[in-house]
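Source file: my_file01.txt (compact mmCIF, C-alpha atoms)
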```
# COMPACT_ATOMS: atom_id res chain seq x y z
CA MET A 8 -17.31 -98.53 -205.96
CA ALA A 9 -19.12 -95.78 -204.11
CA GLU A 10 -18.47 -92.90 -201.74
CA LEU A 11 -21.21 -92.71 -199.13
CA TYR A 12 -22.06 -89.75 -196.94
CA TYR A 13 -22.47 -91.36 -193.54
CA ASP A 14 -23.46 -90.87 -189.93
CA LEU A 15 -23.14 -94.16 -188.10
CA HIS A 16 -23.73 -93.08 -184.51
CA ILE A 17 -27.11 -91.45 -183.85
CA HIS A 18 -29.28 -91.78 -180.73
CA SER A 19 -33.04 -92.06 -180.77
CA CYS A 20 -35.57 -91.27 -178.05
CA LEU A 21 -34.90 -94.77 -176.71
CA SER A 22 -31.68 -93.46 -175.20
CA PRO A 23 -32.75 -91.63 -172.05
CA CYS A 24 -30.52 -88.71 -172.98
CA GLY A 25 -31.90 -88.62 -176.55
CA ASP A 26 -34.34 -85.82 -177.33
CA ASP A 27 -38.01 -86.81 -177.58
CA ASP A 28 -38.01 -85.53 -181.18
CA MET A 29 -35.51 -88.25 -182.10
CA THR A 30 -38.18 -90.64 -183.34
CA PRO A 31 -37.19 -93.21 -185.99
CA ASN A 32 -39.13 -91.39 -188.73
CA ASN A 33 -37.76 -87.98 -187.76
CA ILE A 34 -34.17 -89.25 -187.73
CA VAL A 35 -34.54 -90.93 -191.11
CA GLY A 36 -36.40 -87.92 -192.57
CA MET A 37 -33.77 -85.48 -191.33
CA SER A 38 -30.96 -87.66 -192.67
CA VAL A 39 -32.62 -87.73 -196.09
CA ILE A 40 -33.10 -83.95 -196.07
CA LYS A 41 -29.47 -83.48 -195.17
CA GLY A 42 -28.43 -85.74 -198.03
CA LEU A 43 -26.79 -88.58 -196.15
CA ASP A 44 -26.48 -91.97 -197.87
CA VAL A 45 -26.14 -94.27 -194.88
CA ILE A 46 -27.05 -93.93 -191.21
CA ALA A 47 -27.04 -96.08 -188.09
CA VAL A 48 -29.20 -95.50 -185.04
CA THR A 49 -27.16 -96.72 -182.10
CA ASP A 50 -28.89 -96.34 -178.76
CA HIS A 51 -27.20 -97.05 -175.45
CA ASN A 52 -27.21 -100.81 -174.91
CA SER A 53 -30.30 -101.29 -177.08
CA CYS A 54 -31.38 -102.02 -180.65
CA LYS A 55 -35.08 -101.83 -179.86
CA ASN A 56 -35.77 -98.88 -182.17
CA CYS A 57 -33.88 -100.47 -185.06
CA PRO A 58 -36.92 -102.28 -186.51
CA ALA A 59 -38.76 -98.95 -186.85
CA VAL A 60 -35.66 -97.22 -188.20
CA MET A 61 -35.13 -99.94 -190.81
CA ALA A 62 -38.78 -99.73 -191.90
CA ALA A 63 -38.64 -95.93 -192.17
CA ALA A 64 -35.34 -96.07 -194.07
CA LYS A 65 -36.81 -98.49 -196.58
CA GLU A 66 -39.70 -96.14 -197.17
CA TYR A 67 -37.48 -93.06 -197.53
CA GLY A 68 -34.91 -94.87 -199.69
CA ILE A 69 -31.88 -94.38 -197.46
CA LEU A 70 -29.50 -97.06 -196.23
CA ALA A 71 -29.80 -97.85 -192.51
CA ILE A 72 -27.68 -100.24 -190.47
CA PRO A 73 -29.04 -101.77 -187.27
CA GLY A 74 -26.75 -100.98 -184.35
CA MET A 75 -26.13 -100.25 -180.70
CA GLU A 76 -23.72 -98.18 -178.63
CA ILE A 77 -22.71 -100.67 -175.97
CA ASN A 78 -21.44 -99.58 -172.56
CA THR A 79 -18.85 -102.15 -171.47
CA SER A 80 -18.06 -103.11 -167.88
CA GLU A 81 -15.21 -100.59 -168.03
CA GLU A 82 -17.77 -97.93 -169.12
CA VAL A 83 -16.12 -97.76 -172.52
CA HIS A 84 -18.58 -96.86 -175.26
CA ALA A 85 -18.33 -98.84 -178.49
CA VAL A 86 -20.54 -98.82 -181.56
CA CYS A 87 -21.68 -102.24 -182.79
CA LEU A 88 -23.23 -102.52 -186.26
CA PHE A 89 -24.91 -105.58 -187.73
CA GLU A 90 -25.60 -106.79 -191.23
CA GLU A 91 -28.95 -108.31 -190.27
CA LEU A 92 -31.70 -106.84 -188.11
CA LYS A 93 -32.43 -110.29 -186.68
CA ALA A 94 -28.85 -110.66 -185.44
CA ALA A 95 -28.98 -107.14 -183.98
CA MET A 96 -32.11 -108.02 -182.01
CA GLU A 97 -30.50 -111.21 -180.73
CA PHE A 98 -27.50 -109.18 -179.62
CA ASP A 99 -29.92 -106.71 -177.99
CA ALA A 100 -31.44 -109.52 -175.92
CA TYR A 101 -27.98 -110.78 -174.98
CA VAL A 102 -26.89 -107.33 -173.75
CA TYR A 103 -30.10 -106.51 -171.91
CA GLU A 104 -29.64 -109.62 -169.74
CA ARG A 105 -26.16 -108.39 -168.87
CA LEU A 106 -27.09 -104.85 -167.88
CA ILE A 107 -27.04 -103.82 -164.25
CA PRO A 108 -30.75 -104.28 -163.43
CA PHE A 109 -31.39 -100.76 -162.25
CA PRO A 110 -34.81 -99.28 -163.00
CA ASN A 111 -34.87 -96.12 -165.10
CA LYS A 112 -36.17 -92.99 -163.40
CA GLU A 113 -37.63 -90.97 -166.24
CA GLU A 114 -37.61 -87.70 -164.32
CA VAL A 115 -33.86 -88.00 -163.77
CA PHE A 116 -32.47 -89.78 -166.84
CA GLY A 117 -35.22 -89.28 -169.43
CA LYS A 118 -37.63 -91.53 -171.28
CA GLN A 119 -36.67 -94.80 -172.95
CA GLN A 120 -39.31 -95.05 -175.65
CA ILE A 121 -39.71 -97.75 -178.27
CA TYR A 122 -41.44 -96.64 -181.47
CA ASP A 123 -43.22 -98.63 -184.15
CA ALA A 124 -42.85 -98.08 -187.89
CA SER A 125 -45.70 -95.54 -187.86
CA ASP A 126 -43.83 -93.40 -185.33
CA ARG A 127 -46.08 -94.29 -182.45
CA VAL A 128 -44.79 -95.19 -179.00
CA CYS A 129 -45.30 -98.92 -178.59
CA GLY A 130 -43.33 -99.55 -175.41
CA THR A 131 -40.71 -98.43 -172.93
CA VAL A 132 -37.62 -100.16 -171.59
CA PRO A 133 -37.83 -100.54 -167.78
CA ASN A 134 -34.16 -100.87 -166.84
CA LEU A 135 -31.78 -97.95 -167.20
CA LEU A 136 -29.99 -98.26 -170.54
CA ILE A 137 -27.08 -95.91 -169.97
CA ASN A 138 -25.72 -98.19 -167.28
CA ALA A 139 -22.68 -100.39 -167.73
CA SER A 140 -23.13 -103.97 -168.91
CA ASP A 141 -21.00 -106.77 -167.52
CA ILE A 142 -19.51 -107.32 -170.99
CA SER A 143 -15.81 -106.45 -171.07
CA PHE A 144 -14.18 -104.51 -173.91
CA GLU A 145 -11.82 -107.43 -174.13
CA GLY A 146 -13.65 -110.02 -176.17
CA LEU A 147 -16.23 -107.56 -177.51
CA TRP A 148 -14.82 -107.75 -181.04
CA GLU A 149 -15.22 -111.53 -181.13
CA LEU A 150 -18.63 -111.36 -179.50
CA VAL A 151 -19.97 -108.90 -182.09
CA ARG A 152 -18.36 -110.86 -184.94
CA GLY A 153 -20.33 -113.86 -183.68
CA TYR A 154 -23.49 -111.93 -184.56
CA GLY A 155 -22.12 -111.03 -188.00
CA GLY A 156 -21.37 -107.50 -186.88
CA VAL A 157 -18.50 -105.07 -186.52
CA MET A 158 -17.43 -103.03 -183.50
CA PHE A 159 -15.50 -99.80 -183.29
CA PRO A 160 -14.66 -97.80 -180.15
CA ALA A 161 -16.70 -94.59 -179.94
CA HIS A 162 -15.31 -91.05 -179.60
CA VAL A 163 -11.81 -92.21 -178.60
CA ASP A 164 -10.77 -88.56 -178.13
CA LYS A 165 -13.35 -87.82 -175.43
CA MET A 166 -12.57 -87.61 -171.73
CA ALA A 167 -15.63 -89.60 -170.70
CA ASN A 168 -16.61 -93.13 -171.73
CA SER A 169 -13.84 -93.55 -174.26
CA LEU A 170 -11.49 -96.47 -174.73
CA ILE A 171 -8.38 -94.35 -174.30
CA ALA A 172 -9.65 -92.26 -171.35
CA ASN A 173 -11.14 -95.19 -169.45
CA LEU A 174 -8.45 -97.81 -170.04
CA GLY A 175 -5.52 -95.38 -170.29
CA PHE A 176 -4.32 -96.74 -173.62
CA ILE A 177 -5.45 -99.00 -176.43
CA PRO A 178 -4.90 -102.63 -175.35
CA PRO A 179 -2.24 -103.87 -177.80
CA ASP A 180 -4.09 -107.14 -178.42
CA SER A 181 -7.20 -105.28 -179.61
CA GLN A 182 -8.70 -106.42 -182.89
CA PHE A 183 -10.79 -103.46 -184.03
CA VAL A 184 -9.65 -101.79 -187.25
CA THR A 185 -12.00 -98.81 -187.31
CA ALA A 186 -12.06 -96.08 -184.68
CA GLU A 187 -14.42 -93.16 -184.19
CA VAL A 188 -12.99 -89.74 -183.44
CA LYS A 189 -15.25 -86.91 -182.29
CA ASP A 190 -13.01 -84.06 -183.42
CA LEU A 191 -10.79 -84.89 -186.38
CA GLY A 192 -8.56 -82.00 -185.33
CA ASN A 193 -7.33 -84.33 -182.57
CA LEU A 194 -6.26 -87.01 -185.03
CA HIS A 195 -2.60 -86.09 -185.41
CA ARG A 196 -2.03 -86.04 -181.65
CA LEU A 197 -4.09 -89.19 -181.14
CA LYS A 198 -2.08 -91.14 -183.71
CA ARG A 199 1.19 -89.92 -182.24
CA GLU A 200 0.15 -91.02 -178.77
CA ASN A 201 -1.59 -94.21 -179.91
CA PRO A 202 0.27 -95.76 -182.86
CA TYR A 203 -2.36 -98.53 -182.92
CA LEU A 204 -4.64 -96.03 -184.68
CA GLU A 205 -2.30 -95.97 -187.70
CA ARG A 206 -3.78 -99.29 -188.75
CA CYS A 207 -7.36 -98.08 -188.28
CA ARG A 208 -9.88 -96.57 -190.58
CA ILE A 209 -10.79 -93.33 -188.82
CA ILE A 210 -14.38 -92.20 -189.01
CA SER A 211 -16.28 -89.36 -187.35
CA ASN A 212 -19.96 -89.51 -186.50
CA SER A 213 -22.35 -87.05 -184.89
CA ASP A 214 -23.34 -89.01 -181.74
CA ALA A 215 -26.46 -86.86 -182.18
CA HIS A 216 -29.00 -86.72 -179.38
CA TYR A 217 -30.89 -83.89 -181.14
CA LEU A 218 -32.13 -83.81 -184.73
CA GLU A 219 -30.12 -80.73 -185.66
CA HIS A 220 -26.88 -82.41 -184.62
CA ILE A 221 -27.09 -85.18 -187.22
CA HIS A 222 -24.09 -84.73 -189.50
CA GLU A 223 -24.11 -82.74 -192.70
CA PRO A 224 -22.93 -84.63 -195.80
CA GLU A 225 -19.25 -83.84 -195.45
CA LEU A 226 -17.38 -87.06 -194.72
CA THR A 227 -17.56 -90.08 -196.98
CA LEU A 228 -16.91 -93.77 -196.60
CA HIS A 229 -15.35 -95.58 -199.54
CA VAL A 230 -17.21 -98.84 -200.16
CA GLU A 231 -17.50 -101.52 -202.84
CA GLU A 232 -21.17 -100.84 -203.38
CA LYS A 233 -24.07 -99.05 -201.72
CA SER A 234 -25.22 -101.79 -199.36
CA VAL A 235 -25.22 -102.58 -195.64
CA GLY A 236 -22.92 -105.52 -196.26
CA ALA A 237 -20.38 -103.37 -198.09
CA VAL A 238 -20.34 -100.78 -195.28
CA ILE A 239 -19.78 -103.50 -192.65
CA GLU A 240 -17.08 -104.98 -194.88
CA ALA A 241 -15.32 -101.61 -195.15
CA LEU A 242 -15.38 -101.21 -191.34
CA LEU A 243 -14.03 -104.76 -190.96
CA ASN A 244 -11.17 -104.08 -193.33
CA GLY A 245 -9.88 -100.90 -191.73
CA VAL A 246 -7.23 -99.15 -193.79
CA ALA A 247 -6.59 -102.38 -195.69
CA GLY A 248 -9.95 -101.92 -197.39
CA MET B 19 -7.87 -90.48 -128.97
CA ASP B 20 -7.25 -87.59 -131.21
CA GLY B 21 -9.73 -88.54 -133.91
CA GLU B 22 -12.67 -88.87 -131.56
CA ASN B 23 -12.11 -85.51 -129.98
CA ARG B 24 -11.64 -83.75 -133.26
CA GLU B 25 -14.36 -81.24 -133.76
CA GLU B 26 -16.73 -81.93 -136.61
CA ARG B 27 -17.85 -78.74 -138.25
CA GLN B 28 -21.03 -78.17 -140.12
CA VAL B 29 -20.11 -77.16 -143.64
CA THR B 30 -22.73 -76.21 -146.16
CA VAL B 31 -22.32 -76.21 -149.93
CA LYS B 32 -22.41 -72.41 -149.86
CA GLU B 33 -19.64 -72.26 -147.26
CA LEU B 34 -17.57 -74.63 -149.36
CA MET B 35 -18.04 -72.35 -152.35
CA ASP B 36 -17.19 -69.25 -150.29
CA LYS B 37 -13.86 -70.78 -149.26
CA GLN B 38 -12.78 -70.31 -152.88
CA ILE B 39 -10.95 -73.62 -152.87
CA PHE B 40 -12.78 -74.65 -156.02
CA HIS B 41 -13.93 -72.94 -159.20
CA ILE B 42 -17.68 -72.65 -159.41
CA VAL B 43 -19.15 -74.25 -162.52
CA ASN B 44 -22.81 -74.20 -161.56
CA VAL B 45 -24.61 -72.98 -158.47
CA GLY B 46 -27.45 -75.37 -157.79
CA GLU B 47 -30.46 -75.21 -155.56
CA GLU B 48 -30.28 -75.85 -151.83
CA THR B 49 -26.75 -74.54 -151.31
CA ASP B 50 -27.55 -74.34 -147.60
CA ARG B 51 -27.53 -78.14 -147.33
CA GLN B 52 -24.79 -79.69 -145.30
CA VAL B 53 -21.88 -81.55 -146.87
CA THR B 54 -21.60 -84.66 -144.73
CA GLY B 55 -18.72 -86.50 -146.37
CA VAL B 56 -16.71 -87.11 -149.53
CA PHE B 57 -17.06 -89.82 -152.14
CA CYS B 58 -14.59 -90.51 -154.97
CA CYS B 59 -15.43 -92.61 -158.02
CA ASP B 60 -15.43 -92.29 -161.79
CA LEU B 61 -17.48 -95.29 -162.82
CA LEU B 62 -21.07 -94.11 -162.86
CA SER B 63 -22.38 -97.64 -162.41
CA ILE B 64 -20.69 -97.75 -159.00
CA ALA B 65 -21.40 -94.15 -157.99
CA MET B 66 -25.06 -94.66 -158.82
CA GLY B 67 -25.62 -97.13 -156.00
CA ARG B 68 -22.96 -96.05 -153.54
CA ALA B 69 -22.46 -92.27 -153.51
CA PRO B 70 -23.88 -91.22 -150.12
CA ALA B 71 -26.68 -88.68 -149.99
CA ASP B 72 -25.38 -85.23 -148.97
CA GLY B 73 -21.78 -86.18 -149.76
CA ALA B 74 -19.51 -84.21 -152.06
CA TRP B 75 -18.76 -86.41 -155.08
CA VAL B 76 -15.31 -86.01 -156.61
CA THR B 77 -14.92 -87.32 -160.16
CA VAL B 78 -13.27 -86.67 -163.52
CA MET B 79 -16.31 -87.87 -165.47
CA GLY B 80 -17.87 -84.79 -167.04
CA ASN B 81 -20.66 -86.50 -168.88
CA VAL B 82 -24.36 -85.58 -168.80
CA ASN B 83 -24.98 -88.82 -166.94
CA THR B 84 -22.76 -87.62 -164.10
CA ILE B 85 -25.40 -85.00 -163.36
CA ALA B 86 -28.22 -87.53 -163.58
CA VAL B 87 -26.41 -89.84 -161.17
CA ALA B 88 -25.72 -86.91 -158.82
CA THR B 89 -29.44 -86.16 -158.76
CA LEU B 90 -30.33 -89.79 -158.23
CA ALA B 91 -27.82 -90.30 -155.41
CA ASP B 92 -28.80 -86.89 -154.01
CA VAL B 93 -25.23 -85.79 -153.37
CA SER B 94 -24.78 -82.23 -152.11
CA CYS B 95 -22.39 -81.26 -154.91
CA VAL B 96 -20.16 -82.61 -157.67
CA ILE B 97 -16.48 -81.67 -157.77
CA MET B 98 -14.68 -82.10 -161.07
CA ALA B 99 -11.01 -82.88 -160.35
CA GLU B 100 -7.89 -82.96 -162.54
CA GLY B 101 -9.12 -80.01 -164.61
CA ALA B 102 -11.84 -82.21 -166.11
CA VAL B 103 -14.68 -80.20 -167.59
CA LEU B 104 -18.40 -80.74 -167.93
CA ASP B 105 -19.42 -80.90 -171.55
CA GLU B 106 -22.05 -78.47 -172.81
CA VAL B 107 -24.99 -80.86 -172.43
CA ALA B 108 -23.90 -81.78 -168.91
CA ARG B 109 -23.61 -78.12 -167.96
CA ALA B 110 -27.14 -77.44 -169.20
CA LYS B 111 -28.39 -80.49 -167.29
CA ALA B 112 -26.70 -79.27 -164.08
CA LYS B 113 -28.50 -75.96 -164.45
CA GLU B 114 -31.80 -77.67 -165.19
CA GLN B 115 -31.55 -80.14 -162.30
CA GLY B 116 -30.14 -77.58 -159.86
CA VAL B 117 -26.94 -79.50 -159.14
CA THR B 118 -24.00 -77.57 -157.71
CA VAL B 119 -20.83 -78.33 -159.67
CA LEU B 120 -17.38 -77.19 -158.57
CA ALA B 121 -14.03 -77.77 -160.26
CA THR B 122 -10.33 -77.89 -159.56
CA GLU B 123 -7.07 -78.68 -161.32
CA GLU B 124 -6.02 -80.73 -158.28
CA PRO B 125 -6.01 -84.53 -158.43
CA VAL B 126 -8.95 -86.46 -156.99
CA PHE B 127 -7.31 -87.26 -153.63
CA GLU B 128 -6.21 -83.69 -152.94
CA ALA B 129 -9.63 -82.33 -153.89
CA ALA B 130 -11.35 -84.83 -151.61
CA LEU B 131 -8.89 -84.15 -148.80
CA LYS B 132 -9.69 -80.44 -148.89
CA VAL B 133 -13.38 -81.14 -148.45
CA HIS B 134 -12.60 -83.64 -145.69
CA GLN B 135 -10.48 -81.04 -143.88
CA GLU B 136 -13.27 -78.50 -144.10
CA ILE B 137 -15.62 -80.98 -142.45
CA HIS B 138 -13.25 -82.51 -139.91
CA GLY B 139 -10.88 -79.65 -139.22
```
Please lay out the structure from this file as structure tokens.
Amino acid sequence: MAELYYDLHIHSCLSPCGDDDMTPNNIVGMSVIKGLDVIAVTDHNSCKNCPAVMAAAKEYGILAIPGMEINTSEEVHAVCLFEELKAAMEFDAYVYERLIPFPNKEEVFGKQQIYDASDRVCGTVPNLLINASDISFEGLWELVRGYGGVMFPAHVDKMANSLIANLGFIPPDSQFVTAEVKDLGNLHRLKRENPYLERCRIISNSDAHYLEHIHEPELTLHVEEKSVGAVIEALLNGVAG
Amino acid sequence: MDGENREERQVTVKELMDKQIFHIVNVGEETDRQVTGVFCCDLLSIAMGRAPADGAWVTVMGNVNTIAVATLADVSCVIMAEGAVLDEVARAKAKEQGVTVLATEEPVFEAALKVHQEIHG
């Protein structure tokens, strides 16, 4: 059994709104300095910086989980984490085909840079990543499970791009068992208004777009062992785990 | 034919601000540009392709991407309805991109109607 300091929702410079300093090596390095045990880089609709993040994490000796923050057709943001990098990249290809094909304008939205393991830019993504995909929130759980991953709705207490704000309430036939809350001070009210959350493991991540916003080691995740598989398992089990 | 004879006034962003109908969140550049219509939508993926240039865009979406889409669509101003607020990053982006952002506690329809009445009398 282990208690892991975590931050499972961090953006890299691949997200147009992510700061240019959010390179894979910088993110991993900062997370190590802060003393986190496990991180996930989850760019908008893309996993294309995950290979570099995984390589850097291996070198620095920190646990990293390949992931993505998907934008559903309802513009609900949800974090998807995968046990295997290969599955994450297959999911990445699946999502990219289902994005509104709208070219990114760097001067308006920001750069969408792909980095290699040596922290060098090795490509850019042409279509705008912050756009909605045509993948509905309904069915997303099953879809992500098909890639051996787990999904949890992001920042459910936010007014923009959250499951509760965008859909009005949590669909009762939802299957997710972990939910991300931006401000844990909202938790009591959220649970009162959305009893569904009682059955969820509640986590809070930084959603960092700047290095300094990556979480301090304050919150922990209780897992069977220090491994990617055990973290995914914990998020799949919700409060039952 | 009441509608056809109705006088269409020229209303600039500055004039809209001076009416004090809305709170002012950010004063952008080019406040002398004319507001030519109103557009209401919260899904950015729709607003991105359909918000008309020079229109006033009424939304409750206070995300940083709202400002980016406003710049892209070249709307004359953004109006946050229902007491929705721009988050800190979005506010900084509005300042940086020179986008005028107004706000009101009124619902989306009422906010849009007020702009419409300013334009169409």
Which residues of chain A sit at most 10 Å from chain B, using only C-alpha atoms? Give each one's shortest atom pair and distance in Å (one decimal place), in chain and ascending residue order, as CSV.
```
residue,atom,partner,partner_atom,distance
A:Pro23,CA,B:Asn83,CA,9.7
A:Cys24,CA,B:Val82,CA,8.1
A:Ser80,CA,B:Ser63,CA,8.9
A:Glu81,CA,B:Leu61,CA,7.8
A:Glu82,CA,B:Leu61,CA,6.8
A:Ile107,CA,B:Ser63,CA,8.0
A:Phe109,CA,B:Gly67,CA,9.2
A:Lys112,CA,B:Leu90,CA,8.4
A:Glu114,CA,B:Ala86,CA,9.4
A:Val115,CA,B:Ala86,CA,5.7
A:Phe116,CA,B:Ala86,CA,5.8
A:Gly117,CA,B:Ala86,CA,9.3
A:Ile137,CA,B:Asn83,CA,8.0
A:Asn138,CA,B:Ser63,CA,5.9
A:Ala139,CA,B:Ser63,CA,6.0
A:Ser140,CA,B:Ser63,CA,9.1
A:Lys165,CA,B:Asn81,CA,9.9
A:Met166,CA,B:Met79,CA,7.3
A:Ala167,CA,B:Met79,CA,5.6
A:Asn168,CA,B:Met79,CA,8.2
A:Ala172,CA,B:Met79,CA,9.9
A:Asn173,CA,B:Leu61,CA,9.2
A:His216,CA,B:Val107,CA,9.9
```
#### Entry: Spatial neighbours of segment 28-42 of chain B, max dist 12 Å, only C-alpha atoms, sep filter under 5 positions, as a VMD selection string
chain B and resid 47 to 55 72 to 76 93 to 104 109 117 to 124 128 to 139
### Query
So how far away is atom CA of Glu90 of chain A from atom CA of Ala237 of chain A, in Å?
9.3 Å
### Task
Provide the atom CA of Leu218 of chain A to atom CA of Cys54 of chain A distance in Å, to one decimal place.
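Here the two named atoms are 18.7 Å from each other.
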### Task
Please measure the separation of atom CA of Asn56 of chain A and atom CA of Ser125 of chain A, giving the value in Å to one decimal.
11.9 Å
### Query
Hey, what's within 12 Å of His84 of chain A if we count all atoms listed in the file and toss same-chain stuff fewer than 6 positions away? As a PyMOL selection string, please?
chain A and resi 16+49-52+75-78+137-140+142-144+147+158-174+186-187+214
### Task
Point out the residue among A:Asn212, A:Ser19, A:Thr185, A:Thr227 with the least atom-to-atom distance to Tyr122 of chain A, counting all atoms listed in the file.
A:Ser19
With 3 Å on each side, where is the centre of the axis-aligned box around all listed atoms of segment 114-133 of chain B, and how long are its edges in Å to one decimal, as AutoDock Vina command-line options?
```
--center_x -18.9 --center_y -82.2 --center_z -156.8 --size_x 31.8 --size_y 16.1 --size_z 22.7
```
### Query
Which residues, protein or nucleic acid, reach to within 12 Å of (-47.4, -96.8, -188.3) in the file's coordinates when using only C-alpha atoms, and can you give that as a PyMOL selection string?
chain A and resi 31-32+58-60+62-63+66+122-129
### Query
Closest to Leu106 of chain A among A:Gly153, A:Asp141, A:Val235, A:Ile221, using all atoms listed in the file?
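Checking each candidate against Leu106 of chain A, we get A:Asp141 as the closest.
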